[in-house]
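J.: Hey, dropping target30.csv in here, CSV, C-alpha atoms and all ligand atoms:
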chain,number,residue,atom,x,y,z
A,573,MET,CA,-37.0,106.1,-32.9
A,574,ILE,CA,-34.6,104.9,-30.2
A,575,TYR,CA,-33.6,101.3,-30.9
A,576,THR,CA,-31.8,99.1,-28.4
A,577,LEU,CA,-29.4,96.3,-29.3
A,578,THR,CA,-29.2,93.3,-27.0
A,579,ALA,CA,-26.8,90.9,-28.6
A,580,ASN,CA,-27.2,88.4,-25.7
A,581,PRO,CA,-30.8,88.5,-24.4
A,582,ALA,CA,-32.1,86.3,-21.6
A,583,ILE,CA,-35.1,85.0,-19.8
A,584,ASP,CA,-34.5,86.1,-16.2
A,585,TYR,CA,-35.7,83.5,-13.8
A,586,ASN,CA,-36.1,85.2,-10.4
A,587,VAL,CA,-36.7,82.8,-7.5
A,588,THR,CA,-36.6,82.9,-3.7
A,589,CYS,CA,-35.7,80.3,-1.1
A,590,ASP,CA,-35.2,80.3,2.7
A,591,GLY,CA,-31.5,79.5,3.0
A,592,LEU,CA,-29.3,77.6,0.6
A,593,ALA,CA,-27.4,74.5,1.6
A,594,PRO,CA,-25.3,72.0,-0.5
A,595,ASP,CA,-26.2,68.4,-1.2
A,596,CYS,CA,-29.9,68.6,-0.4
A,597,VAL,CA,-33.1,69.6,-2.1
A,598,THR,CA,-33.9,73.3,-1.9
A,599,ARG,CA,-37.6,74.1,-2.2
A,600,THR,CA,-38.1,77.5,-3.9
A,601,ARG,CA,-41.0,79.9,-4.2
A,602,ASP,CA,-42.1,83.1,-6.0
A,603,ALA,CA,-40.7,82.0,-9.3
A,604,VAL,CA,-41.0,84.7,-12.0
A,605,TYR,CA,-39.9,84.3,-15.6
A,606,THR,CA,-39.5,87.5,-17.6
A,607,PRO,CA,-38.2,88.5,-21.0
A,608,ASN,CA,-35.0,90.4,-20.4
A,609,GLY,CA,-31.5,91.3,-21.4
A,610,LYS,CA,-29.9,94.7,-20.8
A,611,GLY,CA,-31.1,96.4,-23.9
A,612,LEU,CA,-34.6,95.1,-23.6
A,613,ASN,CA,-34.7,96.5,-20.1
A,614,VAL,CA,-33.7,99.9,-21.4
A,615,SER,CA,-36.5,99.7,-24.1
A,616,PHE,CA,-39.1,98.7,-21.5
A,617,ALA,CA,-38.2,101.7,-19.3
A,618,LEU,CA,-38.2,104.0,-22.3
A,619,GLN,CA,-41.5,102.7,-23.4
A,620,HIS,CA,-43.0,103.0,-19.9
A,621,PHE,CA,-41.9,106.6,-19.6
A,622,GLY,CA,-43.5,107.6,-23.0
A,623,GLU,CA,-40.6,107.3,-25.4
A,624,PRO,CA,-41.3,104.6,-28.0
A,625,SER,CA,-38.5,102.1,-28.4
A,626,SER,CA,-37.8,99.1,-30.6
A,627,ILE,CA,-35.6,96.1,-29.9
A,628,LEU,CA,-32.9,94.4,-31.9
A,629,GLY,CA,-31.2,91.2,-30.8
A,630,PHE,CA,-30.1,87.6,-31.6
A,631,PHE,CA,-32.8,85.2,-30.5
A,632,ALA,CA,-32.9,81.4,-30.5
A,633,GLY,CA,-35.3,78.5,-29.8
A,634,PHE,CA,-38.3,78.4,-27.4
A,635,SER,CA,-36.7,80.9,-25.0
A,636,GLY,CA,-36.0,83.4,-27.8
A,637,ARG,CA,-39.7,83.1,-28.9
A,638,PHE,CA,-40.8,83.7,-25.3
A,639,ILE,CA,-38.8,86.9,-25.1
A,640,VAL,CA,-39.8,88.3,-28.5
A,641,ASP,CA,-43.5,87.6,-27.8
A,642,GLY,CA,-43.2,89.0,-24.2
A,643,ALA,CA,-41.5,92.2,-25.5
A,644,ARG,CA,-44.2,92.7,-28.1
A,645,GLU,CA,-46.9,92.3,-25.5
A,646,ARG,CA,-45.2,95.1,-23.5
A,647,GLY,CA,-45.6,97.4,-26.6
A,648,CYS,CA,-42.1,97.3,-28.0
A,649,GLU,CA,-41.6,96.2,-31.6
A,650,VAL,CA,-38.9,93.6,-31.9
A,651,PHE,CA,-36.6,93.0,-35.0
A,652,PRO,CA,-35.1,89.6,-34.2
A,653,VAL,CA,-32.2,88.0,-36.0
A,654,TRP,CA,-33.0,84.3,-35.4
A,655,VAL,CA,-29.9,82.1,-34.7
A,656,ASP,CA,-29.4,78.4,-33.9
A,657,GLY,CA,-29.6,77.0,-30.3
A,658,ILE,CA,-31.5,78.2,-27.3
A,659,THR,CA,-31.5,81.8,-25.8
A,660,ARG,CA,-30.1,81.6,-22.3
A,661,VAL,CA,-32.0,81.6,-19.0
A,662,ASN,CA,-30.3,83.6,-16.2
A,663,VAL,CA,-31.0,82.6,-12.7
A,664,PHE,CA,-31.3,85.2,-9.9
A,665,LEU,CA,-31.8,83.5,-6.5
A,666,ASN,CA,-32.6,85.3,-3.3
A,667,SER,CA,-31.8,83.1,-0.4
A,668,GLY,CA,-33.2,85.4,2.2
A,669,GLU,CA,-29.6,86.4,3.1
A,670,HIS,CA,-27.8,86.7,-0.2
A,671,GLU,CA,-28.4,87.3,-3.9
A,672,TYR,CA,-27.0,84.6,-6.2
A,673,ASN,CA,-26.7,85.8,-9.9
A,674,MET,CA,-26.1,82.9,-12.3
A,675,VAL,CA,-25.6,84.5,-15.8
A,676,ASN,CA,-25.1,82.0,-18.7
A,677,ALA,CA,-22.9,82.5,-21.8
A,678,GLY,CA,-25.8,82.5,-24.3
A,679,ALA,CA,-26.5,81.0,-27.7
A,680,PRO,CA,-23.4,81.3,-30.0
A,681,ILE,CA,-23.6,83.5,-33.1
A,682,SER,CA,-21.7,83.2,-36.4
A,683,ARG,CA,-20.3,85.7,-38.9
A,684,HIS,CA,-23.4,85.1,-41.0
A,685,ASP,CA,-25.6,86.1,-38.0
A,686,GLU,CA,-23.5,89.3,-37.5
A,687,ASP,CA,-23.9,90.2,-41.2
A,688,ALA,CA,-27.7,89.7,-40.9
A,689,MET,CA,-27.7,92.2,-38.0
A,690,ILE,CA,-25.6,94.8,-39.9
A,691,GLU,CA,-28.0,94.5,-42.9
A,692,LEU,CA,-31.0,94.8,-40.5
A,693,ILE,CA,-29.5,98.0,-39.0
A,694,ALA,CA,-28.9,99.3,-42.6
A,695,SER,CA,-32.7,98.9,-43.3
A,696,LEU,CA,-34.3,100.1,-40.0
A,697,PRO,CA,-37.0,102.8,-40.4
A,698,GLU,CA,-36.5,106.1,-38.6
A,699,LEU,CA,-33.2,105.2,-36.9
A,700,GLU,CA,-32.3,108.1,-34.7
A,701,CYS,CA,-30.3,106.4,-31.9
A,702,LEU,CA,-29.1,102.9,-31.0
A,703,SER,CA,-28.5,102.0,-27.4
A,704,ILE,CA,-26.1,99.0,-27.1
A,705,SER,CA,-26.2,97.1,-23.8
A,706,GLY,CA,-24.8,93.9,-22.3
A,707,SER,CA,-22.5,91.1,-23.0
A,708,LEU,CA,-21.7,89.5,-26.4
A,709,PRO,CA,-22.7,85.9,-27.1
A,710,PRO,CA,-20.0,83.2,-27.7
A,711,GLY,CA,-18.6,83.3,-31.3
A,712,THR,CA,-19.0,87.1,-31.6
A,713,SER,CA,-16.1,88.4,-33.8
A,714,ASP,CA,-13.8,91.1,-32.4
A,715,GLY,CA,-15.0,93.8,-34.7
A,716,PHE,CA,-18.7,93.3,-34.5
A,717,LEU,CA,-19.7,96.2,-32.3
A,718,ASP,CA,-17.3,98.5,-34.3
A,719,ARG,CA,-19.3,97.5,-37.4
A,720,VAL,CA,-22.6,98.2,-35.7
A,721,VAL,CA,-21.5,101.6,-34.5
A,722,GLU,CA,-20.1,102.5,-38.0
A,723,LYS,CA,-23.4,101.4,-39.6
A,724,VAL,CA,-25.5,103.5,-37.3
A,725,ARG,CA,-23.2,106.5,-37.8
A,726,GLU,CA,-23.3,106.0,-41.6
A,727,ARG,CA,-27.1,106.3,-41.3
A,728,GLY,CA,-26.7,109.6,-39.3
A,729,GLY,CA,-27.8,107.9,-36.0
A,730,GLU,CA,-26.4,108.4,-32.5
A,731,VAL,CA,-25.1,105.7,-30.3
A,732,VAL,CA,-25.4,105.0,-26.5
A,733,VAL,CA,-23.1,102.4,-25.0
A,734,ASP,CA,-23.5,100.4,-21.8
A,735,ILE,CA,-21.1,97.5,-21.9
A,736,SER,CA,-18.8,96.0,-19.3
A,737,SER,CA,-16.0,94.9,-21.5
A,738,PRO,CA,-12.7,96.7,-22.4
A,739,LEU,CA,-14.3,97.1,-25.8
A,740,LEU,CA,-16.0,100.2,-24.3
A,741,ARG,CA,-12.7,102.0,-24.4
A,742,ARG,CA,-12.2,101.3,-28.1
A,743,LEU,CA,-15.7,102.4,-29.0
A,744,LEU,CA,-15.1,105.8,-27.3
A,745,ALA,CA,-13.0,106.6,-30.4
A,746,GLN,CA,-16.3,106.7,-32.3
A,747,ARG,CA,-17.6,109.5,-30.0
A,748,PRO,CA,-20.8,107.9,-28.5
A,749,LEU,CA,-23.5,110.3,-27.5
A,750,LEU,CA,-23.7,108.8,-24.0
A,751,ILE,CA,-22.0,106.0,-22.1
A,752,LYS,CA,-23.2,104.5,-18.8
A,753,PRO,CA,-20.4,102.9,-16.9
A,754,ASN,CA,-20.8,102.0,-13.2
A,755,ASP,CA,-18.1,102.5,-10.6
A,756,ASP,CA,-16.8,98.9,-11.0
A,757,GLU,CA,-16.6,99.2,-14.8
A,758,LEU,CA,-14.7,102.5,-14.4
A,759,ARG,CA,-12.2,100.8,-12.2
A,760,ASP,CA,-11.8,97.6,-14.3
A,761,ILE,CA,-11.8,99.2,-17.7
A,762,PHE,CA,-10.2,102.6,-17.1
A,763,GLY,CA,-8.4,102.1,-13.7
A,764,LEU,CA,-10.3,105.1,-12.3
A,765,GLU,CA,-11.8,105.1,-8.8
A,766,VAL,CA,-14.8,107.2,-7.9
A,767,SER,CA,-17.0,107.7,-4.8
A,768,ALA,CA,-20.1,109.6,-4.0
A,769,ASN,CA,-18.5,112.0,-1.6
A,770,ASP,CA,-15.5,112.9,-3.8
A,771,ASP,CA,-16.9,115.3,-6.4
A,772,ALA,CA,-13.4,116.5,-7.4
A,773,GLY,CA,-12.2,112.9,-8.1
A,774,ALA,CA,-15.4,112.2,-10.0
A,775,LEU,CA,-14.9,115.4,-12.2
A,776,CYS,CA,-11.4,114.2,-13.0
A,777,ALA,CA,-12.7,110.7,-14.0
A,778,LEU,CA,-15.5,112.2,-16.1
A,779,GLU,CA,-13.1,114.6,-17.8
A,780,HIS,CA,-10.9,111.6,-18.7
A,781,LEU,CA,-13.9,109.8,-20.3
A,782,HIS,CA,-14.7,113.0,-22.4
A,783,GLU,CA,-11.1,113.2,-23.5
A,784,GLU,CA,-11.3,109.6,-24.7
A,785,GLY,CA,-14.4,110.4,-26.8
A,786,ALA,CA,-17.6,110.2,-24.7
A,787,GLN,CA,-19.9,113.2,-25.4
A,788,ALA,CA,-21.9,112.6,-22.2
A,789,VAL,CA,-21.4,110.2,-19.3
A,790,LEU,CA,-23.9,108.8,-16.8
A,791,LEU,CA,-21.8,107.2,-14.1
A,792,THR,CA,-23.9,105.1,-11.8
A,793,MET,CA,-22.8,103.9,-8.3
A,794,GLY,CA,-25.8,101.8,-7.1
A,795,GLY,CA,-27.5,103.1,-4.1
A,796,ALA,CA,-24.8,105.7,-3.6
A,797,GLY,CA,-26.2,107.7,-6.6
A,798,ALA,CA,-24.9,108.8,-9.9
A,799,TYR,CA,-22.8,111.5,-11.6
A,800,PHE,CA,-23.7,112.9,-15.0
A,801,SER,CA,-21.6,115.1,-17.2
A,802,ASP,CA,-22.4,116.6,-20.7
A,803,GLY,CA,-18.8,117.9,-21.1
A,804,ARG,CA,-19.7,121.4,-19.9
A,805,HIS,CA,-21.7,120.9,-16.7
A,806,ALA,CA,-21.8,118.1,-14.2
A,807,TRP,CA,-24.3,116.9,-11.5
A,808,PHE,CA,-24.5,114.5,-8.7
A,809,ALA,CA,-27.9,112.8,-7.9
A,810,ARG,CA,-29.2,110.3,-5.4
A,811,CYS,CA,-32.5,109.0,-4.2
A,812,THR,CA,-32.7,109.5,-0.4
A,813,TYR,CA,-35.7,107.3,0.2
A,814,PRO,CA,-34.7,104.3,2.4
A,815,VAL,CA,-35.8,101.5,0.1
A,816,ARG,CA,-35.5,97.8,1.0
A,817,VAL,CA,-33.2,96.2,-1.5
A,818,LEU,CA,-34.6,92.9,-2.8
A,819,SER,CA,-32.6,92.5,-6.1
A,820,THR,CA,-30.2,95.0,-7.9
A,821,VAL,CA,-30.8,93.1,-11.2
A,822,CYS,CA,-32.1,95.4,-14.0
A,823,ALA,CA,-31.6,98.6,-11.9
A,824,GLY,CA,-28.8,100.1,-14.0
A,825,ASP,CA,-30.6,99.4,-17.3
A,826,SER,CA,-33.8,100.9,-16.0
A,827,THR,CA,-32.0,103.9,-14.8
A,828,LEU,CA,-30.5,104.4,-18.2
A,829,GLY,CA,-33.8,104.0,-20.0
A,830,ALA,CA,-35.5,106.4,-17.6
A,831,PHE,CA,-32.8,109.1,-18.1
A,832,LEU,CA,-32.8,108.7,-21.9
A,833,SER,CA,-36.6,109.1,-21.9
A,834,VAL,CA,-36.3,112.7,-20.7
A,835,TRP,CA,-32.8,113.8,-21.8
A,836,TYR,CA,-32.7,112.4,-25.3
A,837,ARG,CA,-35.4,114.8,-26.7
A,838,ASP,CA,-34.3,117.8,-24.6
A,839,ARG,CA,-30.7,118.0,-23.6
A,840,SER,CA,-31.4,120.9,-21.3
A,841,ARG,CA,-33.6,118.8,-19.0
A,842,VAL,CA,-30.7,117.0,-17.2
A,843,GLU,CA,-32.1,117.5,-13.7
A,844,ASP,CA,-35.5,116.1,-14.7
A,845,GLY,CA,-33.8,113.2,-16.3
A,846,LEU,CA,-31.7,112.5,-13.3
A,847,ARG,CA,-34.7,112.8,-10.9
A,848,LEU,CA,-36.6,110.2,-12.9
A,849,ALA,CA,-33.6,107.9,-13.3
A,850,MET,CA,-32.7,107.9,-9.6
A,851,ALA,CA,-36.4,107.3,-8.6
A,852,THR,CA,-36.6,104.5,-11.1
A,853,GLY,CA,-33.4,102.7,-9.9
A,854,ALA,CA,-34.7,102.9,-6.3
A,855,ASN,CA,-38.0,101.4,-7.2
A,856,VAL,CA,-36.4,98.6,-9.3
A,857,VAL,CA,-34.2,97.3,-6.5
A,858,GLU,CA,-37.2,96.7,-4.4
A,859,CYS,CA,-38.5,94.2,-7.0
A,860,ALA,CA,-37.4,90.8,-8.2
A,861,GLY,CA,-36.5,91.9,-11.8
A,862,GLN,CA,-37.6,95.1,-13.3
A,863,GLY,CA,-41.0,95.4,-11.5
A,864,ASP,CA,-43.8,97.7,-12.7
A,865,PHE,CA,-42.3,101.2,-11.8
A,866,ALA,CA,-45.3,101.7,-9.5
A,867,ARG,CA,-43.5,103.9,-6.9
A,868,VAL,CA,-41.3,106.0,-9.3
A,869,GLU,CA,-43.6,109.0,-9.0
A,870,GLU,CA,-43.5,108.9,-5.2
A,871,TYR,CA,-39.7,108.5,-5.1
A,872,ARG,CA,-39.2,111.4,-7.5
A,873,GLY,CA,-39.9,113.7,-4.6
A,874,HIS,CA,-37.0,112.1,-2.7
A,875,VAL,CA,-34.1,112.8,-5.1
A,876,GLU,CA,-31.4,115.1,-4.1
A,877,ILE,CA,-29.5,116.8,-7.0
A,878,ARG,CA,-26.6,119.2,-6.9
A,879,GLN,CA,-24.7,120.7,-9.8
A,880,ILE,CA,-21.0,120.3,-9.3
A,881,ARG,CA,-19.7,122.2,-12.3
B,901,LIG,O1,-24.6,89.0,-19.6
B,901,LIG,P1,-25.1,90.5,-19.5
B,901,LIG,O2,-25.7,90.9,-20.8
B,901,LIG,O3,-24.0,91.4,-19.0
B,901,LIG,O4,-26.2,90.5,-18.4
B,901,LIG,C1,-27.5,90.0,-18.6
B,901,LIG,C2,-28.4,90.3,-17.5
B,901,LIG,O5,-27.9,89.7,-16.3
B,901,LIG,O6,-28.4,91.7,-17.3
B,901,LIG,C3,-29.7,92.2,-17.0
B,901,LIG,C4,-29.7,93.0,-15.8
B,901,LIG,O7,-28.8,94.1,-16.0
B,901,LIG,C5,-30.6,90.9,-16.9
B,901,LIG,O8,-31.9,91.2,-17.4
B,901,LIG,C6,-29.8,89.9,-17.7
B,901,LIG,O9,-30.1,88.6,-17.4
Spell out the structure here as structure tokens.
Ligand SMILES: O=P(O)(O)OC[C@@]1(O)O[C@H](CO)[C@@H](O)[C@@H]1O

T.:
Amino acid sequence: MIYTLTANPAIDYNVTCDGLAPDCVTRTRDAVYTPNGKGLNVSFALQHFGEPSSILGFFAGFSGRFIVDGARERGCEVFPVWVDGITRVNVFLNSGEHEYNMVNAGAPISRHDEDAMIELIASLPELECLSISGSLPPGTSDGFLDRVVEKVRERGGEVVVDISSPLLRRLLAQRPLLIKPNDDELRDIFGLEVSANDDAGALCALEHLHEEGAQAVLLTMGGAGAYFSDGRHAWFARCTYPVRVLSTVCAGDSTLGAFLSVWYRDRSRVEDGLRLAMATGANVVECAGQGDFARVEEYRGHVEIRQIR
């Protein structure tokens, strides 16, 4: 079983308005409330593409219950650690001209809550892999993710990491199976610049991440495509279909889930995994939130892939 951990889940509130001005009432439309958080999004994509996935996270209050119930309705089992407070609601506003992403801090957790999560991980049935995504809630102790990774390793499981903080660098020492930085995170955390038309520069950056401990790297660059390296071979992939971008929210998580749904069970199917991943990312950006993956099949025929090593 591939589990995902979302320490800081959220209800995503996607809404649209026609222009945004200060000091007046803004009437909005097309409001959509969905159960999300980065790891949940990975699980939903895994589940959609036929790889069962279960969800771990800290949940609180009415919004936490909404997310747990909603994820179960989508077919994913959830193992919640209930905490005090209210799980955050993140607001994604499309004004017609711009995207405004308002991401809250989340319900605080305590050392006691962290211990409950570690005990839960120790008891999970059929733990093969834990994919860790997203920010950490207020109150999280410095060593929490290290303890999570150690516990999974102790149980013989593998770890996938998709986090934006400098902690990623420290976790590389524990040799994660896969990491999924984007180009901004690569620059902010590792000081490395990449671009889609510089394969040589990308290969150098990927090599650096392997040297620091990553077994495989999926490096996403939004609409420009992605690089993938398993340490021996490397590829560049991009969806060439000219999609109309409505919201980039959830695209990276969905891309990771789609890729894992193919590559995790058969590491030789890199190109199939990249094709599905790029098509999924392209479809998700057309939707407010994650959407329903309805055009992925069509976009799979519009993915360009080249092996670069
Ligand atoms: O605060 P984090 O965990 O970095 O980001 C949380 C979040 O913005 O990321 C997802 C999209 O990637 C959303 O579903 C969710 O609201």

J.: Between atom CA of Trp654 of chain A and atom CA of Glu691 of chain A, what is the spacing in Å?

T.: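 Computing it gives 13.6 Å between the two atoms.
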
J.: One number please: atom C3 of ligand LIG 901 (chain B) to atom CA of Tyr575 of chain A, in Å, one decimal.

T.: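 About the pair atom C3 of ligand LIG 901 (chain B) and atom CA of Tyr575 of chain A: they are 17.1 Å apart.
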
J.: Can you pull out every residue within 12 Å of Glu870 of chain A, counting all atoms listed in the file, but drop anything in the same chain fewer than 3 positions away, and send it as a PyMOL selection string?

T.: chain A and resi 811-813+815+847-848+850-852+854-855+865-867+873-875

J.: For Ile690 of chain A, which of A:Tyr672, A:Phe831, A:Phe616, A:Phe630 is the closest residue, counting only C-alpha atoms?

T.: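 Ranked by minimum distance to Ile690 of chain A, first place goes to A:Phe630.
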
J.: Give as a count of residues only each residue that has an atom at most 12 Å from (-15.0, 109.7, -25.1) in the file, counting only C-alpha atoms.

T.: 33

J.: Compute the set of protein, DNA and RNA residues whose minimum atom distance to ligand LIG 901 (chain B) is at most 8 Å, using only C-alpha atoms and all ligand atoms, and state it as a PyMOL selection string.

T.: chain A and resi 578-584+607-610+612-613+661-663+673+675-677+705-708+735-736+821-825+861

J.: Could you state the separation of atom CA of Pro594 of chain A and atom CA of Thr820 of chain A in Å, given to one decimal place?

T.: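 Going from atom CA of Pro594 of chain A over to atom CA of Thr820 of chain A covers 24.7 Å.
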
J.: Would you mind telling me which residue in A:Phe664, A:Phe808, A:Tyr799, A:Trp835 lies nearest to Thr588 of chain A when using all atoms listed in the file?

T.: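 Ranking A:Phe664, A:Phe808, A:Tyr799, A:Trp835 by distance to Thr588 of chain A, first place goes to A:Phe664.
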
J.: Could you give me the centre and size, in Å to one decimal, of an axis-aligned box around all listed atoms of segment 796-801 of chain A with 5 Å added on every side, as lines of an AutoDock Vina configuration file?

T.:
center_x = -23.9
center_y = 110.4
center_z = -10.4
size_x = 14.6
size_y = 19.4
size_z = 23.6

J.: Given the choices A:Thr598, A:Thr576, A:Asn666, A:Thr827, which gets closest to Cys648 of chain A if the distance is worked out from all atoms listed in the file?

T.: A:Thr576

J.: Using all atoms listed in the file, what residues lie at most 8 Å away from (-26.0, 112.6, -11.6) (file coordinates), given as a PDB file with C-alpha atoms, in the frame of the given file?

T.:
ATOM      1  CA  LEU A 790     -23.900 108.800 -16.800  1.00  0.00           C
ATOM      2  CA  LEU A 791     -21.800 107.200 -14.100  1.00  0.00           C
ATOM      3  CA  THR A 792     -23.900 105.100 -11.800  1.00  0.00           C
ATOM      4  CA  GLY A 797     -26.200 107.700  -6.600  1.00  0.00           C
ATOM      5  CA  ALA A 798     -24.900 108.800  -9.900  1.00  0.00           C
ATOM      6  CA  TYR A 799     -22.800 111.500 -11.600  1.00  0.00           C
ATOM      7  CA  PHE A 800     -23.700 112.900 -15.000  1.00  0.00           C
ATOM      8  CA  SER A 801     -21.600 115.100 -17.200  1.00  0.00           C
ATOM      9  CA  ALA A 806     -21.800 118.100 -14.200  1.00  0.00           C
ATOM     10  CA  TRP A 807     -24.300 116.900 -11.500  1.00  0.00           C
ATOM     11  CA  PHE A 808     -24.500 114.500  -8.700  1.00  0.00           C
ATOM     12  CA  ALA A 809     -27.900 112.800  -7.900  1.00  0.00           C
ATOM     13  CA  ARG A 810     -29.200 110.300  -5.400  1.00  0.00           C
ATOM     14  CA  LEU A 846     -31.700 112.500 -13.300  1.00  0.00           C
ATOM     15  CA  ILE A 877     -29.500 116.800  -7.000  1.00  0.00           C
TER      16      ILE A 877
END

J.: Could you check which of A:Cys859, A:Ile880, A:Ala603, A:Ala796 is closest to Leu775 of chain A, using only C-alpha atoms?

T.: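 The answer is A:Ile880, which sits nearest to Leu775 of chain A.
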
J.: Calculated over only C-alpha atoms, which of the candidates A:Pro624, A:Gly794, A:Gly611, A:Gly678 has the smallest distance to Val857 of chain A?

T.: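 With only C-alpha atoms as the atom set, the closest residue is A:Gly794.
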
J.: Which is closest to Glu698 of chain A among A:Met573, A:Ala632, A:Ser615, A:Val640, if we use all atoms listed in the file?

T.: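 Checking each of A:Met573, A:Ala632, A:Ser615, A:Val640 against Glu698 of chain A, counting all atoms listed in the file, the winner is A:Met573.
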